[in-house]
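Heads up: the structure comes next, in structure tokens.
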Amino acid sequence: MTTGNTGPAPGGPGGLNPPAFGQASGPGGLTPPASAHGQPAIELRGISKSFGAVRANEDISFSVPKGTIHGIIGENGAGKSTLMSILYGFYRADQGEILIHGLPTALPDSQAAIRAGIGMVFQHFKLVQNFTVLENIILGAEDGPLLGRSLRRARDSLTALAREYELDVDPDALVEDLSVGHQQRVEILKALYRNADILILDEPTGVLTPAEADHLFRILRGLRDQGKTILLITHKLREIMETTDNVSVMRRGRLVGSVRTSETSPAALAELMVGRKVLLETGKAPARPGPVLLSAELLTLRDEHKVERLKSVSLDLRAGEILGIAGVAGNGQSELLSILGGMTRPGEKVTGRLTLGGHDLPLTGRGSDGKSRREAGIGHVPEDRHHAGLILDFTAWENTALGYDDDPAYQRGLLTDNQAIRDDTRRKMQVWDIRPPIHTLAAKSFSGGNQQKLVIAREFEQDPAILLIGQPTRGVDIGAIEFIHKQIIALRDQGKAILLISVELDEIMSLSDRIAVMFDGRIIGIRDPATTSESEIGCLMAGIAPTAEAS
Amino acid sequence: MDYASVLQLLDSTVRLATPLLLACLAGLWSERAGIFDIGLEGKMLIAAMTSAAIAALTAATPTWALFGLDLTWAKALFPPVIWGLIAGILASIVFAMIHGIASITFRGNQLISGFALNFIAAGLTVLIAQSIFGQGGRTPQLAGDARFSPVTLPFTETIRRIPGFGPFYAEVISGHAILVYLAFAIVPLTWGLMYRTRYGLRLRAVGENPAAVDTAGISVVRLRYSALIITGILCGLAGAYMSTALQAGFGRDMTAGRGYIALAALIFAKWRPVAALWACLLFGFFQALALRPDIVTAIVQFRVPGPILDALPYILTVLVLAGFIGKAIPPRAGGEPYVKER
């Protein structure tokens, strides 16, 4: 058992300490906490993995004591998911050794990982939507060629697991009818049914409400107390601090530190993740709200199946303020954004009233499309940049002109002035620090953060009076998040009206001047971030409203 | 319309529904595994030609010295029609495997691959038949043990005397080729395999969310190929039935779009085996009606032009495909090649 601690001191005053790990420094990198007995559950020694020229994992060594929750934290693209995929047999490491309970174990495929007692809960669930919970659980772990016996055994063990770990879920429900939180439980049950004693969870809280996330962590702690070992991959510092026993930090494919959670701080971890000091607070000046620019009254949207997705939503957006819309994904935020941004689909029926500076904006038919909205001065950074913000196969400069292709600056007679667009793109890439600054590169070749900067540069520079911003930092790494947040605040300080929709509560809390919470297609409450708390917003997001206010 | 005509109509319905049913179940296996198969038509056609050709060749060589080989042992084993059937199934499996290589291994477009196979089959069958038999792309007329002969079920003569049900038993249920009974037996077999076995569970899962199957440590590729082999076998049966049971020999384009009608029936049945049976019987009934204009005239009291009757099954196909049957949700991963990702 490894006792040599080679982990660097977290977040020393000198900024970042180069990791002292390597083949020379021997395996491990973590002082086993007092709770650990015997062999570590997982030990990685010198794991490396390259995809072509990209080194996704480089010489990674650490060990996870049995019966602990171990966090792996790092920015997007730091190599966390690659490392976990190696552990689950999805990829093969080019170099290095994996020891499970002290035994060197080859993991050529998922079947081998399952046999070694490893279970994985993916960020995007791997469930068959129109199967029942039971069917999903036995899939691939059936007892024999006929299903009857497997289903009976699964039902019995499911009841037992539910009692033991608070993992209640109706075994006969169809997965598509379950909430995301329950679907995640099914994934955990799947792993437990296969007798996993090592559980890997990849960004498990991305789709959960705060309450669901709390429940999940309670379950994880319960599992740990029963002797299971848990690897938690996340980029959320708070989850690491609240839940884990130990934490390993990854940056650019390398492990830059393994520490006990109790001996570190969020600031130190963030610094390790990014490699420099990060401002966790946005430090914005108080807002100076001006007149109401955009006013929505009783907006209602019925989709093609006549289901009300948006129910009588009214709001005012003032110049010089950021109105944040909080809510769990799928509670009407996207529909609100699609009405304001002119992106409703045919078949959707919109009623209500929308005024911009006192003038009515059409909700349907002519003038309700995205182009008219832009001409009216409403800029839009769509929630899903891959589908609505960019054409991934187009080059950066072609994407720069999307939606503004008839801008006079881009015209030369009857033709488009491609050179002007290219020059403009090069300039934007400099101003907005888009890397790599190659305007002929296809949009899909940029990282998430740089893709988002391409969209934001395009929309922000058109100088709209009103800006709709959906999920500005989804899939964007911490360094770019900081930059994007600063730009949003700068725009507000210029007197623009900004509507911010995000499922990241932290983001809403730190940027917004007012917070509207959406639940089930309604605005269930509006709060002042200075006087509210995350738990209050969290309750509202879960639909728990003070009764007096329920509209 | 008298009872005898009704029975005749139902009798042809059963005969005509059989190739549709076999092809429809073939499509069901493939599509439930996530491989759209528009090439049912082509597989039926190649199987029809191969069956008829091999049956004709083996029957016409009394000494069983085919292509200079001594095949006496084969004669003792099976009659020519069975050799034809086996050859037809093999030909159909070969086509299914080409579809698999294109769409599973090389992740090509499943519709294009299926279409290509249909065109290849349309040309290749005529070419081969012409070069072997020189009868304008047809195979010779099959007779005797080169064809499937009707099977008379036990006690037919006894039961026939029961009023009402007796004639129904004798005319509609009894007296079909063995492949007809096989086709109807495959319906519950398919259902059982699909819904009551491990293989069926995995197969349905791979058509809905292959990533779930992959992460469970099961090979997506192997499952999909296995489904295509079943598709090949069933299309082979359908084609062989066309040329060696329903008719007596292969003729150019003899499947006449039945592969597409079977696909429409599959959508009509919402990819469920038992519903597929009823859908195919319905389409078969329309085809049977087209053969009996006198009955139609008797019912509607005016003469319906023959071409309109001939077009009925195809019109029904268009209506079904245009979505007049309510919402039919295809297997979710259908048409998408599976690419492993984290």
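Please note that chains go A, B, ... in the order of the structure tokens, that every chain numbers its residues from 1, and that ligands are numbered from 1 in the order shown.
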Name all residues at most 9 Å from segment 180-186 of chain A (count only C-alpha atoms; drop same-chain ones fewer than 2 positions away) and give them as a ChimeraX atom specification. /A:121-122,125,127,133-134,136-137,167-169,175-176,178,188-191,204-205,207-209,212-213,216
Test item: chain B residues at most 9 Å from chain A, counting only C-alpha atoms, as a PyMOL selection string: chain B and resi 193+195-199+201-202+205-206+208-218+340-342
Serialized selection, C-alpha atoms, as a PDB file, in the first residue's frame:
```
ATOM      1  CA  LEU B 193     -38.279 -14.175 -29.521  1.00  0.00           C
ATOM      2  CA  TYR B 195     -40.477 -10.049 -26.150  1.00  0.00           C
ATOM      3  CA  ARG B 196     -39.649 -13.080 -24.101  1.00  0.00           C
ATOM      4  CA  THR B 197     -35.961 -13.741 -24.700  1.00  0.00           C
ATOM      5  CA  ARG B 198     -32.657 -12.146 -23.880  1.00  0.00           C
ATOM      6  CA  TYR B 199     -31.833 -11.962 -27.577  1.00  0.00           C
ATOM      7  CA  LEU B 201     -34.500  -7.628 -25.474  1.00  0.00           C
ATOM      8  CA  ARG B 202     -31.017  -6.818 -26.701  1.00  0.00           C
ATOM      9  CA  ALA B 205     -32.523  -2.155 -27.317  1.00  0.00           C
ATOM     10  CA  VAL B 206     -30.036  -1.893 -30.155  1.00  0.00           C
ATOM     11  CA  GLU B 208     -33.680   2.134 -29.739  1.00  0.00           C
ATOM     12  CA  ASN B 209     -30.396   3.144 -28.143  1.00  0.00           C
ATOM     13  CA  PRO B 210     -27.312   1.244 -29.275  1.00  0.00           C
ATOM     14  CA  ALA B 211     -25.194   3.154 -26.773  1.00  0.00           C
ATOM     15  CA  ALA B 212     -27.103   1.425 -23.958  1.00  0.00           C
ATOM     16  CA  VAL B 213     -26.236  -1.941 -25.442  1.00  0.00           C
ATOM     17  CA  ASP B 214     -22.638  -0.981 -26.047  1.00  0.00           C
ATOM     18  CA  THR B 215     -22.073   0.229 -22.499  1.00  0.00           C
ATOM     19  CA  ALA B 216     -23.609  -2.990 -21.215  1.00  0.00           C
ATOM     20  CA  GLY B 217     -20.695  -4.710 -22.914  1.00  0.00           C
ATOM     21  CA  ILE B 218     -22.619  -6.270 -25.803  1.00  0.00           C
ATOM     22  CA  LYS B 340     -19.098   4.849 -30.454  1.00  0.00           C
ATOM     23  CA  GLU B 341     -18.673   7.960 -28.375  1.00  0.00           C
ATOM     24  CA  ARG B 342     -18.174   8.751 -24.779  1.00  0.00           C
TER      25      ARG B 342
END
```
Neighbouring residues of segment 96-109 of chain B were defined as those with any atom within 9 Å, considering only C-alpha atoms; residues of the same chain fewer than 6 positions away were excluded. Please report them as a PyMOL selection string. chain B and resi 35+37+39-40+43+117+221+224-225+228-229+231-232+335-339
For atom CA of Gly538 of chain A and atom CA of Ile322 of chain A, determine how far apart the two atoms are, in Å to one decimal place.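 Computed distance, atom CA of Gly538 of chain A to atom CA of Ile322 of chain A, equals 19.5 Å.
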What's the 9 Å shell around segment 140-150 of chain B, counting only C-alpha atoms, without same-chain residues fewer than 5 positions away, as a JSON list (two decimals) with N, CA and C atoms, in the first residue's frame?
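As a result, part25.json now contains:
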```
[["chain", "number", "residue", "atom", "x", "y", "z"],
["B", 52, "ALA", "N", -36.15, -20.55, -58.21],
["B", 52, "ALA", "CA", -36.74, -21.12, -59.41],
["B", 52, "ALA", "C", -35.65, -21.73, -60.28],
["B", 53, "ALA", "N", -34.52, -21.02, -60.39],
["B", 53, "ALA", "CA", -33.45, -21.52, -61.27],
["B", 53, "ALA", "C", -32.89, -22.82, -60.73],
["B", 55, "ALA", "N", -34.27, -24.91, -58.61],
["B", 55, "ALA", "CA", -35.28, -25.97, -58.65],
["B", 55, "ALA", "C", -35.40, -26.51, -60.08],
["B", 56, "ALA", "N", -35.40, -25.61, -61.07],
["B", 56, "ALA", "CA", -35.53, -26.04, -62.47],
["B", 56, "ALA", "C", -34.31, -26.86, -62.88],
["B", 58, "THR", "N", -32.11, -28.54, -61.01],
["B", 58, "THR", "CA", -32.01, -29.85, -60.35],
["B", 58, "THR", "C", -33.08, -30.80, -60.87],
["B", 59, "ALA", "N", -34.27, -30.27, -61.14],
["B", 59, "ALA", "CA", -35.34, -31.13, -61.63],
["B", 59, "ALA", "C", -35.04, -31.62, -63.04],
["B", 79, "PRO", "N", -35.99, -33.05, -52.38],
["B", 79, "PRO", "CA", -36.50, -32.82, -53.74],
["B", 79, "PRO", "C", -36.00, -31.46, -54.27],
["B", 80, "PRO", "N", -36.08, -31.24, -55.59],
["B", 80, "PRO", "CA", -35.54, -30.01, -56.18],
["B", 80, "PRO", "C", -36.07, -28.74, -55.53],
["B", 81, "VAL", "N", -37.35, -28.72, -55.17],
["B", 81, "VAL", "CA", -37.92, -27.48, -54.64],
["B", 81, "VAL", "C", -37.22, -27.06, -53.35],
["B", 82, "ILE", "N", -36.81, -28.05, -52.55],
["B", 82, "ILE", "CA", -36.12, -27.71, -51.30],
["B", 82, "ILE", "C", -34.73, -27.15, -51.58],
["B", 84, "GLY", "N", -33.98, -25.57, -54.20],
["B", 84, "GLY", "CA", -34.28, -24.21, -54.67],
["B", 84, "GLY", "C", -34.47, -23.27, -53.50],
["B", 133, "PHE", "N", -31.00, -19.84, -69.04],
["B", 133, "PHE", "CA", -32.10, -20.54, -69.71],
["B", 133, "PHE", "C", -32.41, -19.99, -71.10],
["B", 135, "GLN", "N", -34.55, -17.81, -72.05],
["B", 135, "GLN", "CA", -35.99, -17.71, -72.31],
["B", 135, "GLN", "C", -36.48, -16.29, -72.03],
["B", 174, "SER", "N", -57.10, -25.14, -45.12],
["B", 174, "SER", "CA", -56.37, -26.26, -45.69],
["B", 174, "SER", "C", -56.01, -25.94, -47.14],
["B", 175, "GLY", "N", -55.06, -26.69, -47.67],
["B", 175, "GLY", "CA", -54.80, -26.64, -49.10],
["B", 175, "GLY", "C", -53.80, -25.59, -49.54],
["B", 176, "HIS", "N", -52.94, -25.13, -48.63],
["B", 176, "HIS", "CA", -51.90, -24.18, -49.04],
["B", 176, "HIS", "C", -50.55, -24.86, -49.05],
["B", 177, "ALA", "N", -49.60, -24.19, -49.65],
["B", 177, "ALA", "CA", -48.23, -24.70, -49.62],
["B", 177, "ALA", "C", -47.71, -24.64, -48.19],
["B", 178, "ILE", "N", -46.75, -25.50, -47.91],
["B", 178, "ILE", "CA", -46.23, -25.58, -46.55],
["B", 178, "ILE", "C", -45.65, -24.24, -46.08],
["B", 179, "LEU", "N", -45.14, -23.45, -47.05],
["B", 179, "LEU", "CA", -44.55, -22.15, -46.69],
["B", 179, "LEU", "C", -45.59, -21.21, -46.09],
["B", 241, "TYR", "N", -41.25, -18.52, -52.09],
["B", 241, "TYR", "CA", -42.70, -18.75, -52.15],
["B", 241, "TYR", "C", -43.27, -18.17, -53.43],
["B", 243, "SER", "N", -41.92, -17.72, -56.40],
["B", 243, "SER", "CA", -41.60, -18.38, -57.68],
["B", 243, "SER", "C", -41.83, -19.88, -57.66],
["B", 244, "THR", "N", -41.87, -20.49, -56.47],
["B", 244, "THR", "CA", -42.04, -21.94, -56.48],
["B", 244, "THR", "C", -43.33, -22.40, -55.81],
["B", 245, "ALA", "N", -44.14, -21.49, -55.32],
["B", 245, "ALA", "CA", -45.41, -21.91, -54.72],
["B", 245, "ALA", "C", -46.57, -21.09, -55.29],
["B", 246, "LEU", "N", -46.49, -19.76, -55.16],
["B", 246, "LEU", "CA", -47.56, -18.92, -55.66],
["B", 246, "LEU", "C", -47.63, -19.02, -57.18],
["B", 247, "GLN", "N", -46.47, -18.95, -57.80],
["B", 247, "GLN", "CA", -46.41, -19.13, -59.24],
["B", 247, "GLN", "C", -45.46, -20.27, -59.55],
["B", 248, "ALA", "N", -45.36, -20.60, -60.84],
["B", 248, "ALA", "CA", -44.54, -21.74, -61.22],
["B", 248, "ALA", "C", -43.36, -21.28, -62.06],
["B", 249, "GLY", "N", -42.47, -20.53, -61.45],
["B", 249, "GLY", "CA", -41.30, -20.07, -62.17],
["B", 249, "GLY", "C", -41.09, -18.59, -61.94],
["B", 250, "PHE", "N", -39.89, -18.14, -62.30],
["B", 250, "PHE", "CA", -39.53, -16.75, -62.10],
["B", 250, "PHE", "C", -39.79, -15.96, -63.36]]
```
Among segment 224-469 of chain A, which residues does DSSP mark as helix (DSSP H, G or I) when it is run on the backbone? Keep the chain and numbering as in the structure and answer as a PyMOL selection string. chain A and resi 224-225+237-243+261-263+266-274+333-340+370-375+385-389+396-401+408-410+418-431+443-445+448-460
With C-alpha atoms retained, write the just-selected residues as a CSV table (one decimal), in the first residue's frame.
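File out-v1.csv, as written:
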```csv
chain,number,residue,atom,x,y,z
A,224,ARG,CA,-19.8,5.0,0.5
A,225,ASP,CA,-20.8,4.1,4.0
A,237,LEU,CA,-16.2,23.2,-7.2
A,238,ARG,CA,-19.0,23.3,-4.7
A,239,GLU,CA,-19.9,19.6,-5.3
A,240,ILE,CA,-16.3,18.6,-4.7
A,241,MET,CA,-16.2,20.6,-1.5
A,242,GLU,CA,-19.4,19.3,-0.2
A,243,THR,CA,-19.2,15.6,-1.1
A,261,THR,CA,-10.8,17.8,0.4
A,262,SER,CA,-10.7,18.9,4.0
A,263,GLU,CA,-7.3,20.4,3.5
A,266,PRO,CA,-12.4,26.3,-3.7
A,267,ALA,CA,-10.0,29.1,-4.6
A,268,ALA,CA,-7.0,26.8,-4.4
A,269,LEU,CA,-8.7,24.1,-6.5
A,270,ALA,CA,-9.8,26.7,-9.1
A,271,GLU,CA,-6.3,28.0,-9.3
A,272,LEU,CA,-5.0,24.4,-9.9
A,273,MET,CA,-7.6,23.8,-12.5
A,274,VAL,CA,-6.9,26.9,-14.6
A,333,GLN,CA,-37.2,29.0,-20.9
A,334,SER,CA,-36.5,27.8,-24.4
A,335,GLU,CA,-40.0,28.7,-25.5
A,336,LEU,CA,-39.7,32.1,-24.1
A,337,LEU,CA,-36.4,32.7,-25.8
A,338,SER,CA,-37.9,31.4,-29.1
A,339,ILE,CA,-40.7,33.9,-29.0
A,340,LEU,CA,-38.5,36.8,-28.1
A,370,GLY,CA,-35.4,36.1,-36.4
A,371,LYS,CA,-34.3,38.5,-39.0
A,372,SER,CA,-37.0,41.0,-38.2
A,373,ARG,CA,-36.2,40.7,-34.5
A,374,ARG,CA,-32.6,41.5,-35.2
A,375,GLU,CA,-33.6,44.4,-37.3
A,385,ARG,CA,-24.9,27.1,-30.4
A,386,HIS,CA,-24.4,23.9,-32.3
A,387,HIS,CA,-27.8,23.9,-33.9
A,388,ALA,CA,-28.9,27.5,-33.8
A,389,GLY,CA,-25.8,29.6,-33.3
A,396,ALA,CA,-15.3,30.9,-38.8
A,397,TRP,CA,-15.6,33.8,-41.3
A,398,GLU,CA,-18.8,32.4,-42.9
A,399,ASN,CA,-20.3,31.9,-39.5
A,400,THR,CA,-19.4,35.5,-38.6
A,401,ALA,CA,-21.8,36.7,-41.4
A,408,PRO,CA,-24.1,47.0,-45.9
A,409,ALA,CA,-20.5,46.5,-44.6
A,410,TYR,CA,-20.4,43.1,-46.2
A,418,ASN,CA,-16.2,38.1,-48.7
A,419,GLN,CA,-12.9,39.9,-48.1
A,420,ALA,CA,-14.6,42.4,-45.9
A,421,ILE,CA,-16.2,39.5,-43.9
A,422,ARG,CA,-12.8,37.8,-43.6
A,423,ASP,CA,-11.1,41.0,-42.5
A,424,ASP,CA,-13.9,41.6,-39.9
A,425,THR,CA,-13.5,38.1,-38.7
A,426,ARG,CA,-9.8,38.4,-38.2
A,427,ARG,CA,-10.4,41.6,-36.3
A,428,LYS,CA,-13.0,40.0,-34.1
A,429,MET,CA,-10.8,37.1,-33.4
A,430,GLN,CA,-8.2,39.5,-32.0
A,431,VAL,CA,-10.6,41.6,-30.0
A,443,ALA,CA,-16.4,26.2,-36.7
A,444,LYS,CA,-16.5,22.5,-35.5
A,445,SER,CA,-12.7,22.7,-35.0
A,448,GLY,CA,-16.7,25.0,-27.0
A,449,GLY,CA,-15.5,28.2,-25.4
A,450,ASN,CA,-14.1,29.6,-28.6
A,451,GLN,CA,-17.2,28.6,-30.6
A,452,GLN,CA,-19.3,30.5,-28.1
A,453,LYS,CA,-17.0,33.5,-28.4
A,454,LEU,CA,-17.6,33.4,-32.2
A,455,VAL,CA,-21.3,33.7,-31.6
A,456,ILE,CA,-21.0,36.3,-28.9
A,457,ALA,CA,-18.6,38.4,-31.0
A,458,ARG,CA,-21.1,38.3,-33.8
A,459,GLU,CA,-24.1,39.3,-31.7
A,460,PHE,CA,-22.5,41.7,-29.3
```
Nearest to Pro291 of chain A among A:His359, A:Arg318, A:Arg345, A:Lys80, with distances taken over only C-alpha atoms: which residue is it?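 Looking only at the distances to Pro291 of chain A, the closest residue turns out to be A:Arg318.
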Report as a list in words all protein, DNA and RNA residues lying within 7 Å of Ala290 of chain B, evaluated on only C-alpha atoms, omitting residues in the same chain fewer than 4 positions from it.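 The contact residues come out as Phe286, Leu309 and Asp310 of chain B.
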